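Here the structure comes first, spelled out in structure tokens, and everything after it is commentary.
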Amino acid sequence: MSEPVPPSREKLPSRLAASFRRLHWKDVLIGVLALLFLSMSAFAFRAPLAKALARLRAGSGETVSVFNVVVDRDSRQYFDVLFDKPVGQGRVGEVLDPAPAKIYPVLGGSWKWQTTNALRFQASGGLPVASEYKVTLDPARIVHEGQVFSGDTELTVKTDKFLVEEVTVAEEPALEGKAKVVYRGEIRFNYPVQGGGFGG
């Protein structure tokens, strides 16, 4: 009995085409949904995946990431980018040039290490009220040899809107005139305002 002849290269494309024709639309839909699920999972877990990848790249090195951004809410003069490990050793108080980050929209100012864990941006003329900035860090200008940056390099910095926090009004009888009253009040804002008065 003769053995079956293996399929030739000419017959291979026709077999692939036949197997694709046998696919049911449900199988194609399941495949598409599985791909969507995998891509959404990768996006949802991008921070832990980036940290794990950084650990692999670092080997026995130390991973560094941003754990907070603190805005000077009282006088709006600066914001600090806080790191989970010391990265500014020997550079505290030093103004960094070139800058270790880009800010959009562009904002004038200078970067310096406030502490070994805090990178401060001192804004020229202060941070405007009710503003939002995108800060993109350059890890190569931040971490030392033996350290690997992990986590997000894009940060968002927001300043509060100008808001009225409290209004108090007191009614007092007028010193002159019958059935007249005087209203005295106070308005408290979330930012300091210049003194001045108004009457009515």
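Identifiers in this document derive from the order of the structure tokens: chains are assigned A, B, ..., residues are numbered from 1 separately in each chain, and ligands are numbered from 1 in order of occurrence.
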
* Asked: What residues in segment 52-131 of chain A get the DSSP label strand (DSSP E or B)? Please answer as a PyMOL selection string.
  -> chain A and resi 62-64+66-71+78-83+92+95+101-104+109-113+118-123

* To do: Name all residues at most 8 Å from Asp160 of chain A (count only C-alpha atoms; drop same-chain ones fewer than 3 positions away) and give them as JSON, numbers by chain.
  => {"A": [73, 129, 130, 131]}

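The two atoms in question, atom CA of Thr156 of chain A and atom CA of Lys134 of chain A, are spaced 4.9 Å apart.
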
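Ranking A:Val92, A:Ala174, A:Val81, A:Val32 by their shortest atom-to-atom distance to Glu154 of chain A, with only C-alpha atoms included, puts A:Val81 first.
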
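Minimum atom-to-atom distance to Tyr104 of chain A, evaluated using only C-alpha atoms, belongs to A:Glu132 out of A:Glu172, A:Glu132, A:Glu62, A:Asp138.
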
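Considering only C-alpha atoms, the residue among A:Asp27, A:Asp80, A:Glu176, A:Glu166 positioned nearest to Val66 of chain A is A:Asp80.
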
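Taking only C-alpha atoms into account, Pro100 of chain A lies nearest to A:Arg141 out of the set A:Arg141, A:Lys85, A:Lys112, A:Arg76.
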
* **Test item: residues at most 6 Å from segment 63-65 of chain A, only C-alpha atoms, excluding those fewer than 2 positions along its chain, as a ChimeraX atom specification** => /A:83-85,147-151

Output of the above residues as a compact mmCIF listing (two decimals), in the first residue's frame, restricted to N, CA, C and O atoms:
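Saved as out-v5.txt:
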```
# COMPACT_ATOMS: atom_id res chain seq x y z
N PHE A 83 9.73 61.99 44.82
CA PHE A 83 10.16 60.66 44.38
C PHE A 83 10.21 59.71 45.57
O PHE A 83 10.41 60.14 46.71
N ASP A 84 10.05 58.42 45.30
CA ASP A 84 10.03 57.42 46.38
C ASP A 84 11.42 57.01 46.85
O ASP A 84 11.57 56.32 47.85
N LYS A 85 12.46 57.46 46.12
CA LYS A 85 13.84 57.17 46.53
C LYS A 85 14.65 58.45 46.40
O LYS A 85 14.32 59.33 45.59
N GLN A 147 20.18 53.24 38.90
CA GLN A 147 18.76 53.46 39.15
C GLN A 147 18.02 53.42 37.82
O GLN A 147 18.55 53.83 36.80
N VAL A 148 16.79 52.93 37.86
CA VAL A 148 15.95 52.88 36.67
C VAL A 148 14.63 53.55 37.00
O VAL A 148 14.02 53.25 38.02
N PHE A 149 14.20 54.48 36.13
CA PHE A 149 12.92 55.17 36.35
C PHE A 149 11.78 54.25 35.96
O PHE A 149 11.80 53.66 34.89
N SER A 150 10.78 54.13 36.84
CA SER A 150 9.60 53.31 36.52
C SER A 150 8.36 54.15 36.76
O SER A 150 8.39 55.14 37.48
N GLY A 151 7.26 53.75 36.18
CA GLY A 151 6.02 54.51 36.35
C GLY A 151 5.87 55.58 35.29
O GLY A 151 6.60 55.63 34.30
```

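Atom to atom, atom CA of Glu145 of chain A and atom CA of Gln89 of chain A stand 12.4 Å apart.
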
* From the DSSP assignment of the backbone, select every residue of segment 49-189 of chain A that is helix (DSSP H, G or I), and format the answer as a ChimeraX atom specification. => /A:49-58,139-141

Using only C-alpha atoms, determine which residues lie at most 8 Å from Val157 of chain A, disregarding the query and same-chain residues fewer than 5 positions distant; provide the list as a PDB file with C-alpha atoms, in the first residue's frame.
```
ATOM      1  CA  VAL A  69       3.024  66.180  43.225  1.00  0.00           C
ATOM      2  CA  VAL A  71       1.348  72.431  44.721  1.00  0.00           C
ATOM      3  CA  PHE A  79       5.170  72.793  42.868  1.00  0.00           C
ATOM      4  CA  GLU A 132      -3.628  72.954  34.430  1.00  0.00           C
ATOM      5  CA  TYR A 133      -0.178  71.957  33.177  1.00  0.00           C
ATOM      6  CA  LYS A 134       1.229  68.767  31.668  1.00  0.00           C
ATOM      7  CA  VAL A 135       4.721  68.008  32.979  1.00  0.00           C
TER       8      VAL A 135
END
```

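Comparing A:Thr153, A:Ser41, A:Thr136, A:Asn68 by their smallest distance to Val106 of chain A, the closest is A:Thr136 (using only C-alpha atoms).
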
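Proximity ranking of A:Phe67, A:Trp25, A:Tyr78, A:Phe37 relative to Lys158 of chain A places A:Tyr78 first, based on only C-alpha atoms.
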